[in-house]
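Enquirer: Below is one structure. I have some questions about it.
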Amino acid sequence: MKYVLKIRNPKEERQFAHRLFLYRSVLFRWIPFQLDGKKEYQPIVDCLNVKGRKKRIQKVYEEACHFVDSYYKDKNLCDFQNGQCLSQRVHHTNKIDGCCRGCFYRTGGKCPTANLACKLFYCATVREKNKTLTMDEIPVLRCLSPCQRFILKSDYFSSKGEVIRDLYSGFFLAPPRIVYRQVVSFFKRKRQRKRQERKSLLPQRND
Ligand code: SF4
Ligand code: SF4
């Protein structure tokens, strides 16, 4: 039997927000939900209907990424030109690749993964002229606990799979995992830079 979530007016919205921690809990582990009310709550209800912890985290994460991508679609706030972002051009630096330049994952000038913290990050140069999204404005993230939202906010420079595993690991295991990964990635980047420098010093072959 389905449990009907009535979210039809502001009073019921407040009630739903207060009870959400219960709906997320083990008490509703085997009870499917059905929405009776505002359509914008459907993605939240869909996530609550995914009952396994890891699967739900994954679904919430994907829905949130989709929400952010749709919001910024066609906005082009970083305005990359010849590899340099708006901030790099404004500050007359010779660096390229914007705030991804230090990331181990950056490949061919693109991000091959989906990192929500990175997707939400915008520097002051962008923020002073544009409205940017905050985590509180992504409804589906309410399906995560405050601790998971905190981890999500801080997990830059990581792949989607790593972020999902961090969220699953919880408050005590996630921080050491994140720090360890950043240290490993720092040394990998250093090695990569040295290899590139050595390559550029080699004499060019003219066949
Ligand atoms: S957020 Fe700012 S620093 Fe980062 S890529 Fe965009 S313009 Fe550049
Ligand atoms: S994980 Fe983040 S920092 Fe790394 S390439 Fe992707 S968006 Fe850039």
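Residues in the structure tokens are named by chain (A, B, ... in the order shown) and by number from 1 within that chain; ligands are numbered from 1 in the order shown.
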At a cut-off of 10 Å around ligand 1, and using only C-alpha atoms and all ligand atoms, what residues come up? Please write them as a list in words.
Expert: Asn76, Leu77, Cys78, Asp79, Phe80, Gly83, Gln84, Cys85, Leu86, Ser87, Gln88, Arg89, Val90, Ile96, Asp97, Gly98, Cys99, Cys100, Arg101, Cys118, Lys119, Leu120, Phe121, Tyr122, Cys123, Ala124, Thr125, Val126 and Arg127 of chain A
Enquirer: Would you write out, as a tab-separated table, a table of all residues in chain A that have an atom no more than 8 Å from an atom of ligand 2, listing for each the closest atom pair and the distance in Å to one decimal, considering only C-alpha atoms and all ligand atoms and ordering rows by chain and rising residue number?
Expert:
```
residue	atom	partner	partner_atom_place_in_ligand_line	distance
A:Cys99	CA	ligand 2	3 (S)	6.5
A:Cys100	CA	ligand 2	8 (Fe)	3.9
A:Arg101	CA	ligand 2	3 (S)	7.2
A:Gly102	CA	ligand 2	3 (S)	7.1
A:Cys103	CA	ligand 2	4 (Fe)	4.5
A:Phe104	CA	ligand 2	4 (Fe)	6.5
A:Tyr105	CA	ligand 2	5 (S)	5.0
A:Arg106	CA	ligand 2	5 (S)	4.0
A:Thr107	CA	ligand 2	5 (S)	7.3
A:Lys110	CA	ligand 2	5 (S)	6.4
A:Cys111	CA	ligand 2	5 (S)	4.0
A:Pro112	CA	ligand 2	6 (Fe)	6.4
A:Thr113	CA	ligand 2	6 (Fe)	5.8
A:Ala114	CA	ligand 2	6 (Fe)	6.5
A:Asn115	CA	ligand 2	1 (S)	5.4
A:Ala117	CA	ligand 2	2 (Fe)	7.5
A:Cys118	CA	ligand 2	2 (Fe)	4.7
A:Lys119	CA	ligand 2	7 (S)	6.4
A:Tyr156	CA	ligand 2	2 (Fe)	5.7
A:Phe157	CA	ligand 2	1 (S)	4.1
A:Ser158	CA	ligand 2	1 (S)	5.0
A:Ser159	CA	ligand 2	1 (S)	5.8
```
Enquirer: Please write the residues from the selection above to a file, keeping C-alpha atoms, as an mmCIF file, in the first residue's frame.
Expert:
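Saved the output as out05.cif:
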```
data_model
loop_
_atom_site.group_PDB
_atom_site.id
_atom_site.type_symbol
_atom_site.label_atom_id
_atom_site.label_comp_id
_atom_site.auth_asym_id
_atom_site.auth_seq_id
_atom_site.Cartn_x
_atom_site.Cartn_y
_atom_site.Cartn_z
ATOM 1 C CA CYS A 99 39.456 26.925 -11.592
ATOM 2 C CA CYS A 100 39.802 23.386 -13.020
ATOM 3 C CA ARG A 101 43.477 24.020 -13.847
ATOM 4 C CA GLY A 102 44.752 22.181 -10.762
ATOM 5 C CA CYS A 103 42.443 19.188 -11.142
ATOM 6 C CA PHE A 104 43.820 15.783 -11.994
ATOM 7 C CA TYR A 105 40.636 14.858 -13.883
ATOM 8 C CA ARG A 106 40.705 17.692 -16.400
ATOM 9 C CA THR A 107 41.125 16.027 -19.806
ATOM 10 C CA LYS A 110 36.921 19.313 -20.319
ATOM 11 C CA CYS A 111 35.619 17.754 -17.132
ATOM 12 C CA PRO A 112 34.998 14.049 -17.788
ATOM 13 C CA THR A 113 32.967 13.575 -14.608
ATOM 14 C CA ALA A 114 30.048 15.237 -12.787
ATOM 15 C CA ASN A 115 31.032 16.948 -9.556
ATOM 16 C CA ALA A 117 30.407 21.038 -5.673
ATOM 17 C CA CYS A 118 32.337 22.160 -8.784
ATOM 18 C CA LYS A 119 29.111 22.700 -10.720
ATOM 19 C CA TYR A 156 35.692 19.466 -5.099
ATOM 20 C CA PHE A 157 38.188 17.877 -7.539
ATOM 21 C CA SER A 158 36.614 14.414 -7.193
ATOM 22 C CA SER A 159 34.851 12.110 -9.609
#
```
Enquirer: Name the residues in contact with region 160-176 of chain A at a cut-off of 8 Å, using only C-alpha atoms, excluding same-chain residues fewer than 3 positions from it; report them as JSON, numbers by chain.
Expert: {"A": [53, 54, 57, 58, 61, 113, 114, 115, 147, 148, 151, 152, 155, 179, 180]}
Enquirer: Create the file for the chosen residues now, containing N, CA and C atoms and written as an mmCIF file, in the first residue's frame.
Expert:
```
data_model
loop_
_atom_site.group_PDB
_atom_site.id
_atom_site.type_symbol
_atom_site.label_atom_id
_atom_site.label_comp_id
_atom_site.auth_asym_id
_atom_site.auth_seq_id
_atom_site.Cartn_x
_atom_site.Cartn_y
_atom_site.Cartn_z
ATOM 1 N N ARG A 53 20.097 2.690 0.531
ATOM 2 C CA ARG A 53 20.795 3.933 0.876
ATOM 3 C C ARG A 53 21.689 4.422 -0.262
ATOM 4 N N LYS A 54 22.528 3.507 -0.771
ATOM 5 C CA LYS A 54 23.476 3.920 -1.813
ATOM 6 C C LYS A 54 22.748 4.319 -3.101
ATOM 7 N N ILE A 57 21.217 7.754 -2.659
ATOM 8 C CA ILE A 57 22.231 8.813 -2.745
ATOM 9 C C ILE A 57 22.564 9.088 -4.213
ATOM 10 N N GLN A 58 22.724 7.998 -4.966
ATOM 11 C CA GLN A 58 23.060 8.135 -6.380
ATOM 12 C C GLN A 58 21.950 8.870 -7.151
ATOM 13 N N TYR A 61 21.880 12.521 -6.227
ATOM 14 C CA TYR A 61 23.034 13.187 -6.832
ATOM 15 C C TYR A 61 22.772 13.480 -8.316
ATOM 16 N N THR A 113 33.830 14.141 -15.643
ATOM 17 C CA THR A 113 32.967 13.575 -14.608
ATOM 18 C C THR A 113 31.865 14.586 -14.253
ATOM 19 N N ALA A 114 31.112 14.311 -13.206
ATOM 20 C CA ALA A 114 30.048 15.237 -12.787
ATOM 21 C C ALA A 114 30.209 15.495 -11.294
ATOM 22 N N ASN A 115 30.813 16.627 -10.968
ATOM 23 C CA ASN A 115 31.032 16.948 -9.556
ATOM 24 C C ASN A 115 30.107 18.097 -9.166
ATOM 25 N N CYS A 147 24.582 16.349 7.318
ATOM 26 C CA CYS A 147 25.976 15.930 7.247
ATOM 27 C C CYS A 147 26.362 15.575 5.806
ATOM 28 N N GLN A 148 25.475 14.905 5.101
ATOM 29 C CA GLN A 148 25.760 14.559 3.691
ATOM 30 C C GLN A 148 25.826 15.820 2.832
ATOM 31 N N ILE A 151 29.237 17.350 3.328
ATOM 32 C CA ILE A 151 30.284 16.623 2.581
ATOM 33 C C ILE A 151 30.210 17.017 1.105
ATOM 34 N N LEU A 152 28.990 17.032 0.593
ATOM 35 C CA LEU A 152 28.771 17.344 -0.827
ATOM 36 C C LEU A 152 29.319 18.715 -1.198
ATOM 37 N N ASP A 155 33.319 18.662 -1.494
ATOM 38 C CA ASP A 155 33.998 17.595 -2.234
ATOM 39 C C ASP A 155 34.381 17.998 -3.660
ATOM 40 N N VAL A 179 40.803 13.957 2.117
ATOM 41 C CA VAL A 179 42.172 14.486 2.303
ATOM 42 C C VAL A 179 43.180 13.569 1.613
ATOM 43 N N TYR A 180 43.022 12.255 1.818
ATOM 44 C CA TYR A 180 43.947 11.280 1.207
ATOM 45 C C TYR A 180 43.955 11.458 -0.316
#
```
Enquirer: Identify all residues of region 1-174 of chain A in strand (DSSP E) (DSSP on the backbone) and supply them as a PyMOL selection string.
Expert: chain A and resi 3-7+33-37
Enquirer: Using CA of Ala64 (chain A) and CA of Ile138 (chain A) as the two end points, give the distance in Å to one decimal.
Expert: 6.5 Å
